[in-house]
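Source file: final_2.cif (mmCIF, C-alpha atoms)
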```cif
data_coords
loop_
_atom_site.label_atom_id
_atom_site.label_comp_id
_atom_site.auth_asym_id
_atom_site.auth_seq_id
_atom_site.Cartn_x
_atom_site.Cartn_y
_atom_site.Cartn_z
CA MET A 5 0.00 0.00 0.00
CA GLN A 6 1.37 3.42 -1.01
CA ILE A 7 0.22 6.32 1.13
CA TYR A 8 0.26 10.02 0.24
CA PHE A 9 0.33 11.99 3.49
CA ALA A 10 -0.63 15.67 3.16
CA GLY A 11 0.25 18.31 5.77
CA SER A 12 0.99 22.02 5.81
CA ILE A 13 4.46 23.27 4.85
CA ARG A 14 4.31 26.87 3.59
CA GLY A 15 0.94 27.37 5.32
CA GLY A 16 2.76 26.99 8.67
CA ARG A 17 4.72 24.34 10.56
CA ASN A 18 2.89 24.52 13.91
CA ASP A 19 1.82 20.88 13.61
CA GLN A 20 5.11 19.39 12.39
CA GLU A 21 5.43 17.11 15.41
CA ILE A 22 1.94 15.73 14.88
CA TYR A 23 2.69 15.12 11.18
CA SER A 24 5.79 13.20 12.22
CA ALA A 25 3.76 11.09 14.69
CA ILE A 26 1.09 10.36 12.04
CA ILE A 27 3.73 9.32 9.51
CA ASN A 28 5.21 6.90 12.04
CA LEU A 29 1.77 5.40 12.66
CA LEU A 30 1.10 5.18 8.91
CA LYS A 31 4.24 3.09 8.33
CA LYS A 32 2.37 0.15 9.88
CA TYR A 33 0.07 0.15 6.84
CA GLY A 34 2.42 0.83 3.94
CA LEU A 35 4.99 3.09 2.33
CA VAL A 36 4.59 6.81 3.10
CA LEU A 37 5.62 8.64 -0.09
CA THR A 38 5.77 12.09 1.53
CA GLU A 39 7.82 11.35 4.63
CA HIS A 40 9.61 14.74 4.39
CA ILE A 41 6.42 16.49 5.60
CA GLY A 42 7.18 15.31 9.14
CA ASP A 43 10.82 16.51 9.03
CA ARG A 44 11.54 19.06 11.78
CA LYS A 45 14.24 20.57 9.57
CA LEU A 46 11.68 21.37 6.87
CA PHE A 47 10.68 24.97 7.58
CA VAL A 48 7.81 27.19 6.44
CA THR A 49 9.83 28.27 3.39
CA GLY A 50 9.60 24.69 2.12
CA GLU A 51 11.98 22.52 0.17
CA ALA A 52 15.00 24.10 -1.51
CA ARG A 53 14.12 22.98 -5.01
CA ASP A 54 12.26 24.30 -7.99
CA ASN A 55 8.51 24.75 -7.41
CA ARG A 56 7.66 23.07 -10.69
CA GLU A 57 9.74 20.04 -9.73
CA ILE A 58 7.95 19.83 -6.36
CA TYR A 59 4.59 20.14 -8.08
CA ASP A 60 5.35 17.46 -10.69
CA ARG A 61 6.76 15.04 -8.12
CA ASP A 62 3.79 15.49 -5.76
CA MET A 63 1.29 14.99 -8.59
CA GLN A 64 3.10 11.78 -9.59
CA TRP A 65 2.98 10.57 -6.00
CA ILE A 66 -0.77 11.28 -5.79
CA GLU A 67 -1.17 9.36 -9.04
CA VAL A 68 0.53 6.22 -7.72
CA ALA A 69 -0.84 6.46 -4.16
CA ASP A 70 -3.51 3.98 -3.06
CA VAL A 71 -4.85 6.31 -0.38
CA VAL A 72 -4.48 9.94 0.72
CA VAL A 73 -4.31 10.81 4.43
CA ALA A 74 -4.48 14.56 5.15
CA GLU A 75 -4.02 16.43 8.41
CA VAL A 76 -6.36 19.43 7.98
CA THR A 77 -6.09 21.39 11.23
CA ASN A 78 -3.74 24.07 9.88
CA PRO A 79 -5.11 26.01 6.88
CA SER A 80 -3.02 25.14 3.81
CA LEU A 81 -3.49 25.81 0.10
CA GLY A 82 -1.41 22.75 -0.80
CA VAL A 83 -3.37 20.33 1.38
CA GLY A 84 -6.68 21.68 0.06
CA TYR A 85 -5.42 21.46 -3.51
CA GLU A 86 -4.21 17.86 -3.09
CA ILE A 87 -7.57 16.80 -1.64
CA GLY A 88 -9.34 18.43 -4.60
CA LYS A 89 -7.08 16.61 -7.06
CA ALA A 90 -7.31 13.18 -5.39
CA GLU A 91 -11.04 13.28 -4.75
CA CYS A 92 -13.28 10.71 -6.43
CA ARG A 93 -10.14 8.84 -7.56
CA LYS A 94 -8.56 7.76 -4.26
CA PRO A 95 -9.94 7.06 -0.78
CA ILE A 96 -9.19 10.14 1.38
CA LEU A 97 -8.97 10.28 5.17
CA CYS A 98 -8.90 13.75 6.77
CA LEU A 99 -7.74 14.13 10.37
CA PHE A 100 -8.86 17.24 12.27
CA ARG A 101 -8.06 18.50 15.76
CA GLU A 102 -10.62 20.98 17.08
CA GLN A 103 -9.21 24.33 18.18
CA GLU A 104 -10.96 27.15 19.97
CA GLY A 105 -12.38 29.85 17.74
CA LYS A 106 -11.50 27.94 14.58
CA LYS A 107 -13.71 25.99 12.23
CA LEU A 108 -12.76 23.55 9.51
CA SER A 109 -13.42 24.63 5.91
CA ALA A 110 -16.86 23.61 4.64
CA MET A 111 -15.07 22.26 1.55
CA ILE A 112 -13.80 19.52 3.88
CA SER A 113 -16.45 19.29 6.60
CA GLY A 114 -19.36 19.42 4.13
CA ASN A 115 -17.75 17.05 1.64
CA LYS A 116 -19.22 13.55 1.49
CA ASN A 117 -16.52 12.24 -0.88
CA LEU A 118 -14.03 11.88 1.95
CA THR A 119 -13.78 10.38 5.42
CA LEU A 120 -13.38 13.02 8.13
CA ARG A 121 -12.36 12.07 11.67
CA GLU A 122 -11.68 14.32 14.65
CA TYR A 123 -8.91 13.52 17.11
CA LYS A 124 -7.48 14.92 20.31
CA THR A 125 -4.43 12.72 20.89
CA THR A 126 -2.12 10.48 18.87
CA ILE A 127 -3.83 7.52 20.58
CA ASP A 128 -7.05 8.63 18.87
CA ILE A 129 -5.17 8.81 15.56
CA GLY A 130 -3.93 5.25 16.04
CA ARG A 131 -7.52 4.02 16.47
CA ILE A 132 -8.78 6.06 13.51
CA LEU A 133 -6.07 4.67 11.19
CA GLU A 134 -6.78 1.13 12.41
CA GLU A 135 -10.45 1.53 11.47
CA PHE A 136 -9.74 3.31 8.16
CA PHE A 137 -7.18 0.79 6.88
CA SER A 138 -9.23 -2.25 7.98
CA ARG A 139 -11.39 -1.82 4.88
CA PHE A 140 -8.56 -2.53 2.45
CA MET B 3 -19.50 35.85 -17.89
CA GLN B 4 -19.95 34.11 -14.52
CA ILE B 5 -17.01 34.45 -12.14
CA TYR B 6 -16.21 32.24 -9.13
CA PHE B 7 -14.09 34.30 -6.75
CA ALA B 8 -12.22 32.28 -4.10
CA GLY B 9 -10.82 33.78 -0.90
CA SER B 10 -10.15 32.61 2.63
CA ILE B 11 -13.02 32.47 5.15
CA ARG B 12 -12.28 29.94 7.90
CA GLY B 13 -8.55 30.10 7.09
CA GLY B 14 -8.57 33.72 8.32
CA ARG B 15 -10.16 37.04 7.36
CA ASN B 16 -7.03 39.24 7.33
CA ASP B 17 -7.52 40.04 3.64
CA GLN B 18 -11.28 40.66 3.66
CA GLU B 19 -10.89 44.27 2.46
CA ILE B 20 -8.76 43.16 -0.47
CA TYR B 21 -11.33 40.48 -1.39
CA SER B 22 -14.01 43.16 -1.36
CA ALA B 23 -11.90 45.40 -3.62
CA ILE B 24 -11.22 42.53 -6.05
CA ILE B 25 -14.91 41.64 -6.20
CA ASN B 26 -15.74 45.26 -7.07
CA LEU B 27 -13.16 45.21 -9.86
CA LEU B 28 -14.46 41.84 -11.12
CA LYS B 29 -17.99 43.22 -11.55
CA LYS B 30 -16.74 45.08 -14.62
CA TYR B 31 -16.30 41.68 -16.35
CA GLY B 32 -19.34 39.71 -15.22
CA LEU B 33 -21.43 38.32 -12.40
CA VAL B 34 -19.49 37.41 -9.25
CA LEU B 35 -21.22 34.32 -7.84
CA THR B 36 -19.41 34.41 -4.48
CA GLU B 37 -19.88 38.07 -3.52
CA HIS B 38 -20.31 37.12 0.18
CA ILE B 39 -16.54 36.42 0.43
CA GLY B 40 -15.89 40.17 0.50
CA ASP B 41 -18.49 40.82 3.22
CA ARG B 42 -16.91 42.43 6.31
CA LYS B 43 -19.66 40.86 8.43
CA LEU B 44 -18.58 37.37 7.37
CA PHE B 45 -16.22 36.25 10.12
CA VAL B 46 -13.67 33.45 10.43
CA THR B 47 -16.40 31.10 11.69
CA GLY B 48 -18.01 31.31 8.24
CA GLU B 49 -21.61 31.28 7.12
CA ALA B 50 -24.33 30.25 9.56
CA ARG B 51 -25.63 27.39 7.46
CA ASP B 52 -25.08 23.68 7.12
CA ASN B 53 -21.59 22.75 5.84
CA ARG B 54 -23.02 20.30 3.33
CA GLU B 55 -25.29 23.01 1.91
CA ILE B 56 -22.31 25.37 1.58
CA TYR B 57 -20.28 22.64 -0.10
CA ASP B 58 -23.03 21.70 -2.57
CA ARG B 59 -23.77 25.32 -3.44
CA ASP B 60 -20.08 26.17 -4.00
CA MET B 61 -19.56 23.10 -6.18
CA GLN B 62 -22.59 24.09 -8.27
CA TRP B 63 -21.20 27.59 -8.65
CA ILE B 64 -17.82 26.25 -9.76
CA GLU B 65 -19.68 24.06 -12.26
CA VAL B 66 -21.48 27.00 -13.89
CA ALA B 67 -18.61 29.49 -13.60
CA ASP B 68 -16.75 30.50 -16.76
CA VAL B 69 -13.60 31.43 -14.85
CA VAL B 70 -12.17 31.10 -11.33
CA VAL B 71 -10.27 34.01 -9.75
CA ALA B 72 -8.53 33.12 -6.48
CA GLU B 73 -6.71 35.34 -3.99
CA VAL B 74 -4.02 33.01 -2.62
CA THR B 75 -2.03 35.13 -0.15
CA ASN B 76 -3.68 33.71 2.97
CA PRO B 77 -3.33 29.93 3.39
CA SER B 78 -6.78 28.34 3.00
CA LEU B 79 -7.92 24.74 2.60
CA GLY B 80 -11.07 25.86 0.79
CA VAL B 81 -9.25 28.01 -1.78
CA GLY B 82 -6.73 25.24 -2.46
CA TYR B 83 -9.52 22.68 -2.78
CA GLU B 84 -11.51 24.85 -5.20
CA ILE B 85 -8.45 25.38 -7.41
CA GLY B 86 -7.86 21.60 -7.44
CA LYS B 87 -11.48 20.96 -8.45
CA ALA B 88 -11.66 23.65 -11.15
CA GLU B 89 -8.27 22.91 -12.70
CA CYS B 90 -8.12 21.70 -16.30
CA ARG B 91 -11.83 22.52 -16.64
CA LYS B 92 -11.92 26.30 -16.16
CA PRO B 93 -9.40 29.09 -16.69
CA ILE B 94 -7.96 30.01 -13.27
CA LEU B 95 -6.29 33.27 -12.27
CA CYS B 96 -4.43 33.33 -8.94
CA LEU B 97 -3.54 36.65 -7.33
CA PHE B 98 -0.69 36.69 -4.80
CA ARG B 99 0.74 39.47 -2.63
CA GLU B 100 4.27 38.78 -1.47
CA GLN B 101 4.78 38.90 2.31
CA GLU B 102 8.02 38.74 4.26
CA GLY B 103 9.03 35.29 5.45
CA LYS B 104 6.15 33.64 3.58
CA LYS B 105 6.20 31.62 0.39
CA LEU B 106 3.32 30.57 -1.80
CA SER B 107 2.51 26.83 -1.92
CA ALA B 108 4.37 24.97 -4.68
CA MET B 109 1.00 23.46 -5.62
CA ILE B 110 0.13 26.95 -6.91
CA SER B 111 3.52 28.49 -7.81
CA GLY B 112 4.75 25.32 -9.56
CA ASN B 113 1.48 24.65 -11.35
CA LYS B 114 1.42 25.39 -15.07
CA ASN B 115 -2.33 24.78 -15.40
CA LEU B 116 -3.15 28.18 -13.94
CA THR B 117 -2.24 31.84 -14.41
CA LEU B 118 -0.38 33.28 -11.40
CA ARG B 119 0.12 37.02 -11.01
CA GLU B 120 1.75 38.92 -8.17
CA TYR B 121 0.38 42.27 -7.05
CA LYS B 122 1.20 44.95 -4.50
CA THR B 123 -1.75 47.35 -4.84
CA THR B 124 -5.34 47.27 -6.08
CA ILE B 125 -4.13 49.31 -9.05
CA ASP B 126 -1.95 46.32 -9.99
CA ILE B 127 -4.98 44.05 -9.63
CA GLY B 128 -6.97 46.26 -11.99
CA ARG B 129 -4.27 45.88 -14.65
CA ILE B 130 -3.95 42.13 -14.11
CA LEU B 131 -7.71 41.60 -14.50
CA GLU B 132 -7.78 43.78 -17.61
CA GLU B 133 -5.09 41.60 -19.21
CA PHE B 134 -6.62 38.29 -18.02
CA PHE B 135 -10.16 39.03 -19.23
CA SER B 136 -9.00 40.48 -22.56
CA ARG B 137 -8.53 36.91 -23.86
CA PHE B 138 -12.26 36.06 -23.63
#
```
Representation of the structure as structure tokens:
Amino acid sequence: MQIYFAGSIRGGRNDQEIYSAIINLLKKYGLVLTEHIGDRKLFVTGEARDNREIYDRDMQWIEVADVVVAEVTNPSLGVGYEIGKAECRKPILCLFREQEGKKLSAMISGNKNLTLREYKTTIDIGRILEEFFSRF
Amino acid sequence: MQIYFAGSIRGGRNDQEIYSAIINLLKKYGLVLTEHIGDRKLFVTGEARDNREIYDRDMQWIEVADVVVAEVTNPSLGVGYEIGKAECRKPILCLFREQEGKKLSAMISGNKNLTLREYKTTIDIGRILEEFFSRF
């Protein structure tokens, strides 16, 4: 199983540690194509390579991925874009952590083409992944 | 000409005044379906209606729109998602205002399926729209 994990980079790295924890949990189920998203040395300025190269590589990874798992707590153009591109072609799991005064985009929360699960802790995430991957 | 304007709502309302200015400029070229995005009374919590209703309505609007114009300075899941959905089906113009220490997502800046233009002032936006709409 090849897994495309989507998380915020240039939208903000507040949740980098959570991304890293999710990626570690995902490794139980298959190969995580986008492991760099959890890297604590990857800053908000993003990877030091050409934007077109990043775009083409990520689109190829989405193409070959069997599933997309997206952490959607931090607003991110890239994560939203990737969900829009993968939708109706790949199963998508979105993970959301509720935060005071913030609401998830209706393009995600009102979207019946994806599976949305709320979590509080990484233990919750473990359970959610267990349930999600049991269908494959 | 029917225009889908995309801007951040739940991702943050910092740029609401700019959205309002863009919408006013867009009216010269056609009907702006998403005029509410410029509303200063629309807060970060978003519209007071069911998320599924918002989603279905926005997807219908994208369907009927002739073009999509997106302001992409503020990270937003919804804006990214809408660009992903409209891509390769509608002409898309993305407007970006450079900000210190921030970089635009490679999913937008590295994407050759859309037109990306940087601006500093609303005068710049006026010129960019003039050029973009002259091809229709």
Considering all atoms listed in the file, give me a table of residues in chain B that are at most 9 Å from chain A, with the closest atom pair and distance in Å for each, as a tab-separated table.
```
residue	atom	partner	partner_atom	distance
B:Ile11	CA	A:Ser109	CA	7.9
B:Arg12	CA	A:Ser109	CA	5.8
B:Gly13	CA	A:Pro79	CA	5.3
B:Gly14	CA	A:Pro79	CA	8.6
B:Val46	CA	A:Lys106	CA	7.2
B:Thr47	CA	A:Lys107	CA	5.8
B:Gly48	CA	A:Lys107	CA	7.9
B:Asp52	CA	A:Gly114	CA	7.7
B:Asn53	CA	A:Gly114	CA	4.4
B:Arg54	CA	A:Gly114	CA	3.8
B:Glu55	CA	A:Gly114	CA	7.3
B:Ile56	CA	A:Ala110	CA	6.5
B:Tyr57	CA	A:Gly114	CA	5.4
B:Asp58	CA	A:Gly114	CA	8.0
B:Asp60	CA	A:Met111	CA	8.4
B:Met61	CA	A:Met111	CA	9.0
B:Val74	CA	A:Leu81	CA	7.7
B:Asn76	CA	A:Gly15	CA	8.2
B:Pro77	CA	A:Ser80	CA	4.8
B:Ser78	CA	A:Pro79	CA	4.8
B:Leu79	CA	A:Gly84	CA	4.2
B:Gly80	CA	A:Met111	CA	5.4
B:Val81	CA	A:Leu81	CA	6.4
B:Gly82	CA	A:Tyr85	CA	4.1
B:Tyr83	CA	A:Gly84	CA	4.1
B:Glu84	CA	A:Gly88	CA	6.8
B:Ile85	CA	A:Tyr85	CA	6.3
B:Gly86	CA	A:Gly88	CA	4.5
B:Lys87	CA	A:Gly88	CA	5.1
B:Ala88	CA	A:Gly88	CA	8.7
B:Glu89	CA	A:Lys89	CA	8.5
B:Gly103	CA	A:Thr49	CA	7.4
B:Lys104	CA	A:Thr49	CA	6.5
B:Lys105	CA	A:Thr49	CA	5.8
B:Leu106	CA	A:Arg14	CA	6.6
B:Ser107	CA	A:Gly82	CA	5.8
B:Ala108	CA	A:Asn55	CA	5.0
B:Met109	CA	A:Gly82	CA	5.4
B:Ile110	CA	A:Gly82	CA	7.6
B:Ser111	CA	A:Asn55	CA	6.2
B:Gly112	CA	A:Arg56	CA	3.8
B:Asn113	CA	A:Tyr59	CA	6.4
B:Lys114	CA	A:Arg56	CA	8.0
```
- request: Kindly resolve the PyMOL selection byres ((chain B and resi 133-137) around 9) on the present coordinates and return the residues as an MDAnalysis selection string.
  value: chainID B and resid 31 95 117 128:132 138
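Against this structure, the PyMOL selection byres ((chain A and resi 35-39) around 10) ends up with A:Met5, A:Gln6, A:Ile7, A:Tyr8, A:Phe9, A:Ala10, A:Gly11, A:Tyr23, A:Ser24, A:Ile27, A:Asn28, A:Leu30, A:Lys31, A:Lys32, A:Tyr33, A:Gly34, A:His40, A:Ile41, A:Gly42, A:Asp43, A:Asp62, A:Trp65, A:Ile66, A:Val68, A:Ala69, A:Val72, A:Val73.
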- request: Select all residues near (-3.6, 20.8, 22.9) (cut-off 12 Å, inclusive, file coordinates), counting all atoms listed in the file, and output them as a list in words.
  value: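 The residues near that point, listed by chain and number, are Asn18, Asp19, Ile22, Thr77, Arg101, Glu102, Gln103, Glu104, Tyr123, Lys124, Thr125 and Thr126 of chain A.
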field: Interatomic distance (Å, one decimal) between atom CA of B:Cys90 and atom CA of A:Pro95
entry: 21.4 Å
message: So the first atom is atom CA of A:Gln20 and the second is atom CA of A:Val71; what is the distance between them in Å, to one decimal place?
response: 20.8 Å
- prompt: So how many Å separate atom CA of A:Lys94 and atom CA of A:Arg61, to one decimal?
  reply: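 Rounded to one decimal, the two atoms are 17.4 Å apart.
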